[in-house]
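**Q** Can you keep this structure in mind? I'll have questions shortly.
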Amino acid sequence: MTTIQPVVSLPKRHEVPREQTWDIEAMYATPQAWEADAEALPADIDALAAYSGTLGQNSAALLAYLQAESELELRLTRFFSYASMNASVDGRDAEAAARRDRASGIAARYGSVTAFARPELLALDEATLAGWIAQPELEPFRIRLERILRQKPHVRSAEVEELLGAVQAPFSSERGIHPALVNMDLRFGTAGGTPVTQGNVDRLTTDPDREIRRQAWEGYADAHLAVQHAQAAAYSTNVRQNVFLARARRYPDAITATLAPDRIPTDVVTTLLDTYRAHTPTWHRYWKVRREWLKLPELREYDVKASLVPPVPVDYAQAVEWLAEGMAPLGPDYVTEMRAGLTTERWVDYAENDGKRQGAYSSGGGRVKPYIFMTWNGTLASYSTLAHEIGHSMHSLLSAREYPFSVPRYTLFHAEVASNFNQAMVRQHLLKGAREAGDTHMEVALIEEALGNFHRYFFIMPTLAAFELEAYRRVEAGGSLSAPDLNTLTADLLAEGYGDGVTMDRDRSGILWAQFSTHLYANFYAYQYATGISAAHQLLSQFDADPDAARERYLTFLKSGGSLDPIDALKAAGVDMLSPEPVQATFRTLAGYVDRLEELLRERQN
């Protein structure tokens, strides 16, 4: 029987406690201050055009441009962050949406105006430019310049580069259409009398009451299915645009265009997907254990996140303490700064309010504060999300302190290592404590949190990565991407991972792709969650043999930011991502959790 709960309305944004929101005023004290910058920025951006034709005069002229460009880019990053962050916390705020769109247009203007720089630099004599780069005053820009030089085969004439820069704004429009449909126009119904929202759907789909889970899962899927054709049109447009850009820059395909600038071989993705497929039996075994534990005749998709034991309530303050204790191996400086960011410095916006979008992220905030966006729901899943995002934020803090803004920021490949590392390290600490205390309930809850995390990063994300790769291949071969095409592809890929352990609702399963617009529009982003969790566990394993040396290697990795390409940065830290071993070893960790859950199930049945 479903427990019918009274329908409650979520608080409006202005009604939530201030301490549960981020200190966005540190970026701009008021919206009016942001508007003043919006008025000033276009002229300041246009002023950069005066440098066109001067970069090859001498090293001093090049330095003057690079300094002006870097200062404006930092200012623009802050400007855009403020607009997008305000839109995230209230997707129904029309003024915030308008600011985000305005910021996107100004950012595109910057890209168009500065498009002359790369062709002009690459037209210079290589020996002359290398000599300039070696000069001390240009050292802050050395890495950026060297990475421009490596892209020489793919940089076009100044005229073509200007055109490619100008199309960025119209080419980003579909990225706003898809989330606007989801965040502003979709209604997901109710589950057990509670309105289903972007902020609470994850909590409702873990509810002990199966009927509440079903209502939440089906309502969420059905709302997306109602606009599937619009979402498919938006995504297809995005794919075609990226294929066009890859061809315009003379790359063989879109995935190479995305990975090559960071020197990530495409084999990293295909090896990951091959390894995932080889280990789907581990997932099939888990679904069987889960069904037996829940005593269900069949496991449905709305059961895959159902709590195996009564949920362990976790308030925000408790999560902060767990994080401080669990991350202690990284030293007191790391823990002190992390704790301050989570509390008094107000990096985190964790309140639940009407119109807040789904998901979580960390934003560098234009080097003001490394902000965190999430919705706290009082569960271990919320603690896990906070652990993940604070990993990103500490990565941003430490690398920004080590290098000036002129040094490229770390890539997404780097980023997902730091976030997953925090989750893995704190989980290991909490599991050890639960086992030593003989607290089986807590141990099962923590294993379930771990498996929930693996489900997202080692099941959903590889599935989305395979989906994305196939979608691009179809377009590159001259095919189409209709909603039925995308839904069937998604359902087929999910079926590989479910095996005969989960009874699927293929229509509702197939719309999963549309529920991850943030990831798919980031262009070959999803796979990096799986590589990130793999590298993180490999780094954590080093603490067993020599914790002091492991700490220094890991902190060095964080501080290096984007100064090294991701594969090189991880290799320096002792992880070879060109090998399948990190992914295989992390699947062994996953299998270990399933083994322990099977063992506890047998004890429970005896």
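Letters for chains follow the order of the structure tokens (A, B, ...), residue numbers begin at 1 for each chain, and ligand numbers begin at 1 in the order shown.
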Per DSSP on the backbone, filter segment 154-265 of chain A down to the residues in strand (DSSP E) and report them as a PyMOL selection string.
**A** chain A and resi 190-191+194-195
**Q** I'd like the neighbourhood of Ala50 of chain A as a VMD selection string, where a residue qualifies if any of its atoms comes within 10 Å (using only C-alpha atoms), though same-chain residues fewer than 4 positions away should be ignored.
**A** chain A and resid 46 54 65 113
**Q** So which one's closest to His395 of chain A, A:Leu558, A:Leu72, A:Val289, A:Leu570? Using only C-alpha atoms, please.
**A**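 Among A:Leu558, A:Leu72, A:Val289, A:Leu570, it is A:Leu558 that comes nearest to His395 of chain A.
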**Q** To one decimal place in Å, what is the distance between atom CA of Thr531 of chain A and atom CA of Pro582 of chain A?
**A**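 Between atom CA of Thr531 of chain A and atom CA of Pro582 of chain A the gap is 8.1 Å.
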**Q** Can you work out the spacing between atom CA of Ala319 of chain A and atom CA of Ser534 of chain A in Å, to one decimal?
**A** 24.0 Å
**Q** Kindly indicate which residue among A:Lys356, A:Arg92, A:His537, A:His414 lies nearest to Glu581 of chain A, using only C-alpha atoms for the distances.
**A**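 Smallest separation from Glu581 of chain A among the options: A:His537.
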**Q** I'd like the contact shell of Arg401 of chain A - 12 Å cut-off, only C-alpha atoms, skipping same-chain residues fewer than 3 positions apart - returned as an MDAnalysis selection string.
**A** chainID A and resid 367:370 394:398 404:405 407 409 558:561
**Q** Point out the residue among A:His455, A:Arg427, A:Arg99, A:Arg18 with the least atom-to-atom distance to Leu590 of chain A, counting only C-alpha atoms.
**A**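 Comparing A:His455, A:Arg427, A:Arg99, A:Arg18 against Leu590 of chain A, the winner is A:His455.
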**Q** Restricting the calculation to only C-alpha atoms, which member of A:Leu121, A:Ala248, A:Ala522, A:Ala43 is positioned closest to Gln57 of chain A?
**A**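 Using only C-alpha atoms, the shortest distance to Gln57 of chain A belongs to A:Leu121.
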**Q** Could you pull the residues within 12 Å of Arg291 of chain A, counting only C-alpha atoms, minus those fewer than 2 positions along the same chain, as a list of chain:residue names?
**A**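 Those residues are A:His284, A:Arg285, A:Tyr286, A:Trp287, A:Lys288, A:Val289, A:Trp293, A:Leu294, A:Lys295, A:Leu296, A:Pro297, A:Glu298, A:Leu299, A:Arg300, A:Glu301, A:Tyr302, A:Asp303, A:Val304, A:Lys305, A:Ala306, A:Ser307, A:Leu308, A:Asp500, A:Gly501, A:Val502, A:Thr503, A:Glu598, A:Leu601.
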**Q** I'd like the neighbourhood of Tyr316 of chain A as an NGL selection string, where a residue qualifies if any of its atoms comes within 12 Å (using only C-alpha atoms), though same-chain residues fewer than 3 positions away should be ignored.
**A** :A and (19-20 or 313 or 319-323 or 339 or 342-343 or 348-351 or 374-387)
**Q** Take the residues from that selection and put them in a file with C-alpha atoms, as a PDB file, in the first residue's frame.
**A**
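Result file is out_4.pdb:
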```pdb
ATOM      1  CA  GLU A  19      23.283  29.696   4.993  1.00  0.00           C
ATOM      2  CA  GLN A  20      22.010  26.986   2.619  1.00  0.00           C
ATOM      3  CA  PRO A 313      19.542   9.926   7.697  1.00  0.00           C
ATOM      4  CA  ALA A 319      28.350  15.070   6.173  1.00  0.00           C
ATOM      5  CA  VAL A 320      30.882  17.865   6.689  1.00  0.00           C
ATOM      6  CA  GLU A 321      32.306  16.007   9.704  1.00  0.00           C
ATOM      7  CA  TRP A 322      32.555  12.756   7.754  1.00  0.00           C
ATOM      8  CA  LEU A 323      34.386  14.541   4.971  1.00  0.00           C
ATOM      9  CA  ARG A 339      35.706  22.653   5.987  1.00  0.00           C
ATOM     10  CA  LEU A 342      31.598  23.922   3.156  1.00  0.00           C
ATOM     11  CA  THR A 343      30.513  26.134   6.047  1.00  0.00           C
ATOM     12  CA  VAL A 348      27.669  25.356  -1.453  1.00  0.00           C
ATOM     13  CA  ASP A 349      24.097  25.967  -2.589  1.00  0.00           C
ATOM     14  CA  TYR A 350      22.258  22.943  -1.211  1.00  0.00           C
ATOM     15  CA  ALA A 351      18.745  24.234  -0.428  1.00  0.00           C
ATOM     16  CA  MET A 374      23.398  20.548  -5.437  1.00  0.00           C
ATOM     17  CA  THR A 375      20.156  19.771  -3.610  1.00  0.00           C
ATOM     18  CA  TRP A 376      20.404  18.235  -0.146  1.00  0.00           C
ATOM     19  CA  ASN A 377      17.871  15.472   0.532  1.00  0.00           C
ATOM     20  CA  GLY A 378      19.170  14.123   3.845  1.00  0.00           C
ATOM     21  CA  THR A 379      20.522  10.811   2.571  1.00  0.00           C
ATOM     22  CA  LEU A 380      23.835   9.064   2.045  1.00  0.00           C
ATOM     23  CA  ALA A 381      23.414   9.903  -1.634  1.00  0.00           C
ATOM     24  CA  SER A 382      23.500  13.597  -0.757  1.00  0.00           C
ATOM     25  CA  TYR A 383      26.648  13.113   1.308  1.00  0.00           C
ATOM     26  CA  SER A 384      28.196  11.235  -1.643  1.00  0.00           C
ATOM     27  CA  THR A 385      27.323  14.065  -4.042  1.00  0.00           C
ATOM     28  CA  LEU A 386      28.863  16.603  -1.682  1.00  0.00           C
ATOM     29  CA  ALA A 387      32.023  14.491  -1.415  1.00  0.00           C
TER      30      ALA A 387
END
```
**Q** Neighbours of Tyr371 of chain A within 9 Å (only C-alpha atoms; same-chain residues fewer than 4 positions away dropped), as a VMD selection string?
**A** chain A and resid 22 to 24 341 346 to 349 361 to 365 390 393
**Q** Find the residue from A:Glu39, A:Ala158, A:Gly131, A:Ile148 that sits nearest to Ser52 of chain A; use only C-alpha atoms when measuring.
**A**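 Distance minimum relative to Ser52 of chain A lands on A:Ala158.
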**Q** Would you kindly return, as a PyMOL selection string, each protein, DNA or RNA residue with an atom no farther than 10 Å from any atom of Gln528 of chain A, considering only C-alpha atoms and excluding same-chain residues fewer than 4 positions away?
**A** chain A and resi 268-269+272+412-417+457+461-462+465+524+532-534
**Q** For those residues, write N, CA and C atoms to a file as an mmCIF file, in the first residue's frame.
**A**
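That gives us result.cif:
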```
data_model
loop_
_atom_site.group_PDB
_atom_site.id
_atom_site.type_symbol
_atom_site.label_atom_id
_atom_site.label_comp_id
_atom_site.auth_asym_id
_atom_site.auth_seq_id
_atom_site.Cartn_x
_atom_site.Cartn_y
_atom_site.Cartn_z
ATOM 1 N N VAL A 268 41.309 5.242 -25.607
ATOM 2 C CA VAL A 268 40.927 5.297 -24.192
ATOM 3 C C VAL A 268 39.430 5.056 -24.055
ATOM 4 N N VAL A 269 38.650 5.627 -24.961
ATOM 5 C CA VAL A 269 37.194 5.466 -24.914
ATOM 6 C C VAL A 269 36.791 4.061 -25.347
ATOM 7 N N LEU A 272 37.696 1.483 -22.766
ATOM 8 C CA LEU A 272 36.751 1.565 -21.648
ATOM 9 C C LEU A 272 35.467 0.819 -21.979
ATOM 10 N N LEU A 412 38.230 18.153 -18.225
ATOM 11 C CA LEU A 412 37.220 17.295 -17.604
ATOM 12 C C LEU A 412 37.812 15.942 -17.238
ATOM 13 N N PHE A 413 38.758 15.476 -18.021
ATOM 14 C CA PHE A 413 39.405 14.196 -17.729
ATOM 15 C C PHE A 413 40.133 14.268 -16.390
ATOM 16 N N HIS A 414 40.875 15.373 -16.168
ATOM 17 C CA HIS A 414 41.500 15.587 -14.856
ATOM 18 C C HIS A 414 40.424 15.650 -13.755
ATOM 19 N N ALA A 415 39.391 16.414 -14.046
ATOM 20 C CA ALA A 415 38.417 16.793 -13.024
ATOM 21 C C ALA A 415 37.740 15.601 -12.370
ATOM 22 N N GLU A 416 37.338 14.620 -13.180
ATOM 23 C CA GLU A 416 36.573 13.515 -12.621
ATOM 24 C C GLU A 416 37.424 12.580 -11.770
ATOM 25 N N VAL A 417 38.731 12.723 -11.846
ATOM 26 C CA VAL A 417 39.609 11.969 -10.948
ATOM 27 C C VAL A 417 39.496 12.528 -9.535
ATOM 28 N N TYR A 457 28.422 5.859 -12.482
ATOM 29 C CA TYR A 457 29.669 6.098 -13.205
ATOM 30 C C TYR A 457 30.187 4.890 -13.974
ATOM 31 N N MET A 461 27.014 5.960 -17.147
ATOM 32 C CA MET A 461 27.913 6.777 -17.964
ATOM 33 C C MET A 461 28.567 5.999 -19.107
ATOM 34 N N PRO A 462 29.030 4.760 -18.916
ATOM 35 C CA PRO A 462 29.485 3.999 -20.086
ATOM 36 C C PRO A 462 28.368 3.769 -21.109
ATOM 37 N N ALA A 465 28.089 6.927 -22.939
ATOM 38 C CA ALA A 465 29.267 7.086 -23.798
ATOM 39 C C ALA A 465 29.111 6.250 -25.065
ATOM 40 N N PHE A 524 31.187 14.315 -25.712
ATOM 41 C CA PHE A 524 32.100 13.260 -25.266
ATOM 42 C C PHE A 524 32.630 13.541 -23.846
ATOM 43 N N GLY A 532 37.539 8.526 -14.751
ATOM 44 C CA GLY A 532 37.851 9.253 -13.518
ATOM 45 C C GLY A 532 37.766 8.373 -12.287
ATOM 46 N N ILE A 533 36.698 7.582 -12.181
ATOM 47 C CA ILE A 533 36.554 6.716 -11.012
ATOM 48 C C ILE A 533 37.635 5.636 -11.017
ATOM 49 N N SER A 534 38.062 5.215 -12.207
ATOM 50 C CA SER A 534 39.118 4.205 -12.307
ATOM 51 C C SER A 534 40.447 4.766 -11.819
#
```
**Q** Nearest residue to Gly165 of chain A out of A:Gly111, A:Pro484, A:Gly326, A:Gly105, using only C-alpha atoms?
**A**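 Closest candidate: A:Gly111.
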**Q** Between segment 520-549 of chain A and segment 220-241 of chain A, at 10 Å or less, what are the per-residue closest atom pairs and their distances in Å? Count only C-alpha atoms, order by chain and rising residue number, and return it as JSON lines.
**A**
```
{"residue": "A:Leu520", "atom": "CA", "partner": "A:Tyr235", "partner_atom": "CA", "distance": 8.2}
{"residue": "A:Tyr521", "atom": "CA", "partner": "A:Asn238", "partner_atom": "CA", "distance": 7.1}
{"residue": "A:Ala522", "atom": "CA", "partner": "A:Asn238", "partner_atom": "CA", "distance": 9.9}
{"residue": "A:Asn523", "atom": "CA", "partner": "A:Val239", "partner_atom": "CA", "distance": 8.4}
```
